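Heads up, the thing below is written out as structure tokens.
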Amino acid sequence: MARSSDADLKPPLSHSGLKCDDLRKNGCHKRKEKNGGPQTGGGPRQRSHDTFEQPPMYVAVMTYLGYGIVTLFGYFRDFFRAVGLEKCHVAQEREEQKDFTPLYQDFENFYTRNLYMRVRDNWNRPICSLPGPVFDLMERVSDDYNWTFRFTGRTIHNVINMGSYNYLGFAENNVDFLKTVADKLQQYGAGVCSTRQEMGNLKIHEELEELVADFLGVESSMIFGMGFATNSMNIPALVGKGCLIVSDELNHTSLILGARLSGATIRVFKHNNMHSLEKVLREAVCSGQPRTHRPWKKILIMVEGIYSMEGSVVRLPEIIALKKKYKAYLYLDEAHSIGAVGPSGKGVTELFNVNAADVDVMMGTFTKSFGGAGGYIAGRKELVDYLRSHSHSAVYASAMSPAITEQVTRAMKCIMGKDGSTEGIRRIRQLAENTRYFRAKLKDMGFIIYGDDDSPVVPVLLYMPGKVVAFAREMLARKIGVVVVGFPATPITEARARFCLSASHTREMLDQVLHHMNEVGDLLCLKFSRRKRSPGPDPCKGTDSEVHS
């Protein structure tokens, strides 16, 4: 039998229609299963699993047809450009370099040239205010079908922000809340201009690491200046050649990049599917490495707490049971779940009431719930000490900015109640209330949405490429800022709008968004759900006393 050995592990892991008075741009508002798998014991909380409703068959057919038509017209336009009937705006090889190896691959640029450019106005919109619950946009127009933009000089004010990861509303500019951040900025400056192993290790960095470990209930932690690099640069330090990474098929790009850079063998299991995961683990343990059939040096399961495109929550108790059964290790990315779920914001370990010590590597970021930047790795002291000297992100990257360090510290103390207030818990509860309210209303309207009821990431399925574009433009015309996502970031038949709820959203804001969602959903025929809707009044006219489960 080929098993991952504890002794082999490197390091030793244990594993808008709103009135201006209703809008505040500086912070929160105060107001009065797919498939089954192994089950855990009575300790961890048992939950119903999120499901992914399938649309009617005609929706998939029309989606493929839409992409086919757009692709066909793309080839027509390329022909017109080739014969000089249409101006070519894309980068091309210089005439004197025509015999060189091509720098620009024509076919690879086809999608960008003929599909993305036609809808580019829906992304990269310039914001000119704090990205809080509402923000201001600089108006821009294009005279050449989105190849270039020009600013009109006008500003679109009070756009409701439904796209930022500002889960607890700590992306704020309240002077009273940010006083300590300003003090640290004055004391230390904006940056340290050095790695922590040289001249960049500040006292406040060590204090934040102790605070993170205390918050998560683990032995030790280490902070990094960039969330993406926390995954991509630390995974190669944990596994290498002769190791096996078992990765969820919907893991974030940072996890995928880190896995590829490590040189380890990668095998993928179906999203949140415990039968698929166990099948991969069983085969790995029984067969060992390819050709030699030697035991794997390590087997590392990589999952996310909340999946940022699906809104689904990891089935943590069952994965922990499988990890123990097959002597594997668990890497948990809580970028979107830390601070956002759990009674006190401690993430999915608290949500499922599992022991944090059962997760060998706990990773999270400060860019979402904490309103800062960077990330952390937490776990056993041996793990963290090893990473301090072996992680590329620790050895070569500049240390976290002192002002960002203080921002994360003050947000975490607020969540933990160490600032002497109950503001942190209030925000956590408000986020949970907003999340369940918004999800329930969208379901009642007839939209197909993905994810768990506790997830503040709410994907609304739009499917057809033309409707994705029309939806974003219609919502912006109603002063609602949304994020739309399509192929290749999602499967070709699952384009969507991704809403992110925040504790700083008021009930009036959410009702305003729901009202316009209802109108746009009818206008563009986006209500594809075939599930029976709950009886009741207009979904947009809820009351503050409603509780949705």
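Quick note on naming: the chains in the structure tokens go A, B, ... in the order shown, residues restart at 1 in each chain, and ligands are numbered from 1 in order of appearance.
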Item to complete: Write down as an MDAnalysis selection string the residues of region 402-492 of chain A whose backbone DSSP state falls under strand (DSSP E).
Response: chainID A and resid 457:463 480:481 483:485
Pick out each residue of region 80-267 of chain A that DSSP on the backbone tags as alpha helix (DSSP H); I need them as a short mmCIF file (atom, residue, chain, number, x, y, z; two decimals) with N, CA and C atoms, in the first residue's frame.
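Output file out.cif is given in full below:
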data_model
loop_
_atom_site.label_atom_id
_atom_site.label_comp_id
_atom_site.auth_asym_id
_atom_site.auth_seq_id
_atom_site.Cartn_x
_atom_site.Cartn_y
_atom_site.Cartn_z
N PHE A 80 -12.68 40.80 -43.73
CA PHE A 80 -12.78 42.20 -44.15
C PHE A 80 -11.51 42.97 -43.79
N ARG A 81 -10.91 42.66 -42.63
CA ARG A 81 -9.66 43.33 -42.25
C ARG A 81 -8.53 42.92 -43.19
N ALA A 82 -8.52 41.65 -43.57
CA ALA A 82 -7.44 41.15 -44.43
C ALA A 82 -7.46 41.80 -45.81
N PHE A 110 -7.98 35.65 -31.44
CA PHE A 110 -9.28 35.73 -32.11
C PHE A 110 -10.39 36.10 -31.13
N TYR A 111 -10.42 35.46 -29.98
CA TYR A 111 -11.47 35.71 -29.00
C TYR A 111 -11.42 37.15 -28.51
N THR A 112 -10.22 37.62 -28.17
CA THR A 112 -10.08 39.00 -27.71
C THR A 112 -10.46 40.00 -28.79
N ARG A 113 -10.04 39.70 -30.01
CA ARG A 113 -10.22 40.64 -31.12
C ARG A 113 -11.68 40.77 -31.54
N ASN A 114 -12.40 39.67 -31.55
CA ASN A 114 -13.73 39.67 -32.15
C ASN A 114 -14.88 39.51 -31.16
N LYS A 179 -8.10 56.09 12.82
CA LYS A 179 -7.12 56.90 13.54
C LYS A 179 -5.83 56.13 13.80
N THR A 180 -5.94 54.87 14.21
CA THR A 180 -4.73 54.10 14.50
C THR A 180 -3.94 53.82 13.23
N VAL A 181 -4.64 53.66 12.10
CA VAL A 181 -3.95 53.45 10.83
C VAL A 181 -3.15 54.69 10.45
N ALA A 182 -3.75 55.86 10.65
CA ALA A 182 -3.04 57.11 10.36
C ALA A 182 -1.83 57.28 11.27
N ASP A 183 -1.98 56.86 12.53
CA ASP A 183 -0.86 56.98 13.46
C ASP A 183 0.32 56.09 13.04
N LYS A 184 0.00 54.86 12.62
CA LYS A 184 1.07 53.95 12.19
C LYS A 184 1.71 54.44 10.89
N LEU A 185 0.92 55.04 10.02
CA LEU A 185 1.47 55.59 8.78
C LEU A 185 2.46 56.71 9.08
N GLN A 186 2.10 57.53 10.05
CA GLN A 186 3.00 58.62 10.43
C GLN A 186 4.24 58.10 11.14
N GLN A 187 4.08 57.02 11.91
CA GLN A 187 5.20 56.49 12.68
C GLN A 187 6.19 55.71 11.81
N TYR A 188 5.67 54.85 10.90
CA TYR A 188 6.53 53.95 10.14
C TYR A 188 6.70 54.34 8.67
N LYS A 203 7.74 45.30 14.51
CA LYS A 203 7.03 44.78 15.68
C LYS A 203 5.55 44.55 15.37
N ILE A 204 4.95 45.44 14.57
CA ILE A 204 3.53 45.29 14.28
C ILE A 204 3.26 44.08 13.39
N HIS A 205 4.25 43.65 12.60
CA HIS A 205 4.10 42.42 11.81
C HIS A 205 3.98 41.21 12.75
N GLU A 206 4.85 41.15 13.74
CA GLU A 206 4.81 40.03 14.68
C GLU A 206 3.55 40.06 15.53
N GLU A 207 3.09 41.25 15.89
CA GLU A 207 1.86 41.36 16.67
C GLU A 207 0.66 40.86 15.86
N LEU A 208 0.62 41.20 14.57
CA LEU A 208 -0.47 40.73 13.72
C LEU A 208 -0.43 39.21 13.58
N GLU A 209 0.75 38.63 13.45
CA GLU A 209 0.85 37.17 13.34
C GLU A 209 0.34 36.49 14.61
N GLU A 210 0.66 37.04 15.74
CA GLU A 210 0.15 36.48 16.99
C GLU A 210 -1.37 36.61 17.06
N LEU A 211 -1.88 37.74 16.58
CA LEU A 211 -3.33 37.97 16.60
C LEU A 211 -4.05 36.99 15.67
N VAL A 212 -3.48 36.75 14.48
CA VAL A 212 -4.09 35.81 13.53
C VAL A 212 -4.13 34.41 14.13
N ALA A 213 -3.04 33.98 14.73
CA ALA A 213 -3.00 32.65 15.35
C ALA A 213 -4.03 32.53 16.46
N ASP A 214 -4.16 33.58 17.27
CA ASP A 214 -5.16 33.59 18.34
C ASP A 214 -6.58 33.54 17.77
N PHE A 215 -6.82 34.31 16.71
CA PHE A 215 -8.15 34.35 16.07
C PHE A 215 -8.54 32.99 15.51
N LEU A 216 -7.58 32.30 14.89
CA LEU A 216 -7.89 31.02 14.25
C LEU A 216 -7.80 29.84 15.21
N GLY A 227 -2.00 38.49 -1.44
CA GLY A 227 -2.84 37.32 -1.27
C GLY A 227 -2.60 36.25 -2.31
N PHE A 228 -2.47 36.65 -3.59
CA PHE A 228 -2.25 35.68 -4.67
C PHE A 228 -0.95 34.92 -4.44
N ALA A 229 0.11 35.64 -4.05
CA ALA A 229 1.40 35.00 -3.83
C ALA A 229 1.41 34.11 -2.59
N THR A 230 0.49 34.34 -1.67
CA THR A 230 0.41 33.48 -0.49
C THR A 230 0.16 32.04 -0.91
N ASN A 231 -0.64 31.84 -1.94
CA ASN A 231 -0.84 30.50 -2.49
C ASN A 231 0.27 30.11 -3.46
N SER A 232 0.48 30.94 -4.47
CA SER A 232 1.35 30.53 -5.57
C SER A 232 2.80 30.34 -5.15
N ILE A 235 2.87 27.03 -1.87
CA ILE A 235 2.61 25.63 -2.22
C ILE A 235 3.87 24.94 -2.73
N PRO A 236 4.70 25.60 -3.60
CA PRO A 236 5.93 24.94 -4.03
C PRO A 236 6.91 24.65 -2.89
N ALA A 237 6.79 25.36 -1.78
CA ALA A 237 7.66 25.09 -0.64
C ALA A 237 7.19 23.89 0.17
N LEU A 238 5.93 23.50 -0.02
CA LEU A 238 5.36 22.40 0.78
C LEU A 238 5.42 21.06 0.06
N THR A 253 -7.15 30.33 -9.44
CA THR A 253 -5.94 30.33 -10.27
C THR A 253 -4.67 30.35 -9.43
N SER A 254 -4.68 31.02 -8.29
CA SER A 254 -3.49 31.07 -7.45
C SER A 254 -3.12 29.68 -6.94
N LEU A 255 -4.10 28.87 -6.60
CA LEU A 255 -3.85 27.50 -6.17
C LEU A 255 -3.33 26.66 -7.34
N ILE A 256 -3.93 26.85 -8.50
CA ILE A 256 -3.51 26.09 -9.68
C ILE A 256 -2.07 26.44 -10.06
N LEU A 257 -1.75 27.74 -10.05
CA LEU A 257 -0.39 28.16 -10.38
C LEU A 257 0.62 27.61 -9.38
N GLY A 258 0.30 27.68 -8.09
CA GLY A 258 1.19 27.14 -7.08
C GLY A 258 1.41 25.65 -7.25
N ALA A 259 0.35 24.93 -7.60
CA ALA A 259 0.48 23.49 -7.82
C ALA A 259 1.38 23.19 -9.01
N ARG A 260 1.22 23.96 -10.09
CA ARG A 260 2.04 23.73 -11.28
C ARG A 260 3.50 24.08 -11.03
N LEU A 261 3.75 25.17 -10.28
CA LEU A 261 5.12 25.56 -9.99
C LEU A 261 5.84 24.57 -9.08
N SER A 262 5.09 23.81 -8.31
CA SER A 262 5.69 22.89 -7.34
C SER A 262 6.39 21.71 -8.00
#
Determine, using only C-alpha atoms, which residues of region 207-312 of chain A have any atom at most 9 Å from an atom of region 491-503 of chain A, and tabulate each with its shortest atom pair and distance in Å to one decimal place, rows ordered by chain and then rising number, as a tab-separated table.
residue	atom	partner	partner_atom	distance
A:Ser308	CA	A:Arg498	CA	8.8
A:Met309	CA	A:Arg498	CA	7.2
A:Glu310	CA	A:Arg498	CA	8.7
A:Gly311	CA	A:Arg498	CA	8.9
Discussion item. Using only C-alpha atoms, can you tell me which of A:Gly288, A:Gly417, A:Pro56, A:Gly364 comes closest to Phe224 (chain A)?
Written reply: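 Of all the options, A:Gly364 lies closest to Phe224 (chain A).
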Discussion item. For a test of reading the model, state the distance in Å between CA of Met138 (chain A) and CA of Arg154 (chain A), rounded to one decimal.
Written reply: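 It comes out at 6.4 Å.
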Practice prompt. Determine, counting only C-alpha atoms, which protein, DNA and RNA residues have an atom within 7 Å of an atom of region 324-330 of chain A; residues of the same chain fewer than 2 positions away are not included. Present the result as a ChimeraX atom specification.
Written response: /A:3-4,15,281,299-302,320-322,332,359-361
Worksheet item: Within 10 Å of His157 (chain A), counting only C-alpha atoms, which residues qualify if same-chain residues fewer than 6 places away don't, as a list in words?
Response: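 The contact residues come out as Ser16, Cys128, Ser129, Val134, Phe135, Asp136, Leu137, Met138, Glu139 and Lys479 of chain A.
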Discussion item. With only C-alpha atoms as the counted atoms, please give the residues lying no more than 12 Å from Val484 (chain A), apart from itself and same-chain residues fewer than 4 positions off, as a ChimeraX atom specification.
Written reply: /A:119-124,162-163,309,458-473,475-476,489-490,494-500
Selected residues written out, N, CA and C atoms, as a short mmCIF file (atom, residue, chain, number, x, y, z; two decimals), in the first residue's frame:
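Once written, out.cif looks like this:
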data_model
loop_
_atom_site.label_atom_id
_atom_site.label_comp_id
_atom_site.auth_asym_id
_atom_site.auth_seq_id
_atom_site.Cartn_x
_atom_site.Cartn_y
_atom_site.Cartn_z
N VAL A 119 -17.55 43.93 -26.09
CA VAL A 119 -18.24 44.05 -24.80
C VAL A 119 -17.31 44.60 -23.71
N ARG A 120 -16.16 45.14 -24.11
CA ARG A 120 -15.13 45.55 -23.15
C ARG A 120 -15.58 46.67 -22.24
N ASP A 121 -16.61 47.40 -22.62
CA ASP A 121 -17.07 48.52 -21.79
C ASP A 121 -17.65 48.06 -20.46
N ASN A 122 -17.91 46.76 -20.31
CA ASN A 122 -18.48 46.24 -19.06
C ASN A 122 -17.43 45.92 -18.01
N TRP A 123 -16.16 46.09 -18.34
CA TRP A 123 -15.10 45.79 -17.39
C TRP A 123 -14.14 46.97 -17.27
N ASN A 124 -13.32 46.95 -16.23
CA ASN A 124 -12.28 47.96 -16.02
C ASN A 124 -12.84 49.38 -15.96
N MET A 162 -22.33 46.26 -5.89
CA MET A 162 -22.66 44.86 -5.64
C MET A 162 -21.55 43.93 -6.14
N GLY A 163 -20.34 44.47 -6.32
CA GLY A 163 -19.28 43.66 -6.86
C GLY A 163 -18.05 43.53 -6.00
N MET A 309 -16.43 31.79 -7.62
CA MET A 309 -17.29 31.87 -8.81
C MET A 309 -18.59 31.11 -8.63
N VAL A 458 -22.91 35.49 -4.52
CA VAL A 458 -24.19 35.06 -5.09
C VAL A 458 -24.10 35.12 -6.62
N PRO A 459 -23.82 34.00 -7.28
CA PRO A 459 -23.80 33.99 -8.75
C PRO A 459 -25.22 33.84 -9.31
N VAL A 460 -25.61 34.75 -10.19
CA VAL A 460 -26.89 34.67 -10.89
C VAL A 460 -26.60 34.26 -12.33
N LEU A 461 -27.13 33.13 -12.76
CA LEU A 461 -26.82 32.58 -14.07
C LEU A 461 -27.55 33.35 -15.17
N LEU A 462 -26.77 33.76 -16.18
CA LEU A 462 -27.31 34.50 -17.33
C LEU A 462 -27.20 33.69 -18.62
N TYR A 463 -26.20 32.83 -18.71
CA TYR A 463 -25.99 31.87 -19.79
C TYR A 463 -25.59 32.49 -21.12
N MET A 464 -26.48 33.19 -21.79
CA MET A 464 -26.25 33.61 -23.17
C MET A 464 -25.34 34.83 -23.24
N PRO A 465 -24.39 34.85 -24.16
CA PRO A 465 -23.42 35.95 -24.21
C PRO A 465 -24.06 37.32 -24.42
N GLY A 466 -25.08 37.38 -25.25
CA GLY A 466 -25.74 38.66 -25.49
C GLY A 466 -26.44 39.18 -24.25
N LYS A 467 -26.99 38.28 -23.45
CA LYS A 467 -27.71 38.70 -22.25
C LYS A 467 -26.74 39.14 -21.15
N VAL A 468 -25.54 38.58 -21.15
CA VAL A 468 -24.54 39.01 -20.18
C VAL A 468 -24.22 40.49 -20.38
N VAL A 469 -24.00 40.86 -21.62
CA VAL A 469 -23.67 42.24 -21.95
C VAL A 469 -24.84 43.16 -21.65
N ALA A 470 -26.03 42.75 -22.09
CA ALA A 470 -27.22 43.59 -21.88
C ALA A 470 -27.52 43.76 -20.40
N PHE A 471 -27.32 42.71 -19.62
CA PHE A 471 -27.60 42.78 -18.18
C PHE A 471 -26.70 43.81 -17.50
N ALA A 472 -25.40 43.76 -17.78
CA ALA A 472 -24.48 44.70 -17.15
C ALA A 472 -24.81 46.14 -17.52
N ARG A 473 -25.14 46.38 -18.78
CA ARG A 473 -25.45 47.74 -19.21
C ARG A 473 -26.76 48.23 -18.64
N MET A 475 -28.16 47.28 -15.81
CA MET A 475 -28.02 47.52 -14.38
C MET A 475 -27.25 48.81 -14.11
N LEU A 476 -26.22 49.09 -14.90
CA LEU A 476 -25.49 50.34 -14.71
C LEU A 476 -26.38 51.54 -15.02
N ALA A 489 -13.54 32.44 -18.29
CA ALA A 489 -13.47 32.41 -16.82
C ALA A 489 -14.48 31.43 -16.23
N THR A 490 -15.54 31.13 -16.98
CA THR A 490 -16.54 30.15 -16.57
C THR A 490 -16.72 29.15 -17.71
N GLU A 494 -22.19 28.71 -18.86
CA GLU A 494 -22.55 29.15 -17.51
C GLU A 494 -22.08 30.57 -17.22
N ALA A 495 -22.25 31.47 -18.17
CA ALA A 495 -21.95 32.88 -17.91
C ALA A 495 -22.87 33.39 -16.81
N ARG A 496 -22.39 34.35 -16.04
CA ARG A 496 -23.16 34.76 -14.85
C ARG A 496 -22.84 36.18 -14.43
N ALA A 497 -23.68 36.70 -13.56
CA ALA A 497 -23.38 37.92 -12.82
C ALA A 497 -23.08 37.49 -11.39
N ARG A 498 -22.01 38.04 -10.82
CA ARG A 498 -21.62 37.65 -9.47
C ARG A 498 -21.84 38.82 -8.52
N PHE A 499 -22.77 38.64 -7.59
CA PHE A 499 -23.07 39.64 -6.58
C PHE A 499 -22.30 39.29 -5.30
N CYS A 500 -21.74 40.30 -4.66
CA CYS A 500 -21.06 40.11 -3.37
C CYS A 500 -21.76 40.98 -2.34
#
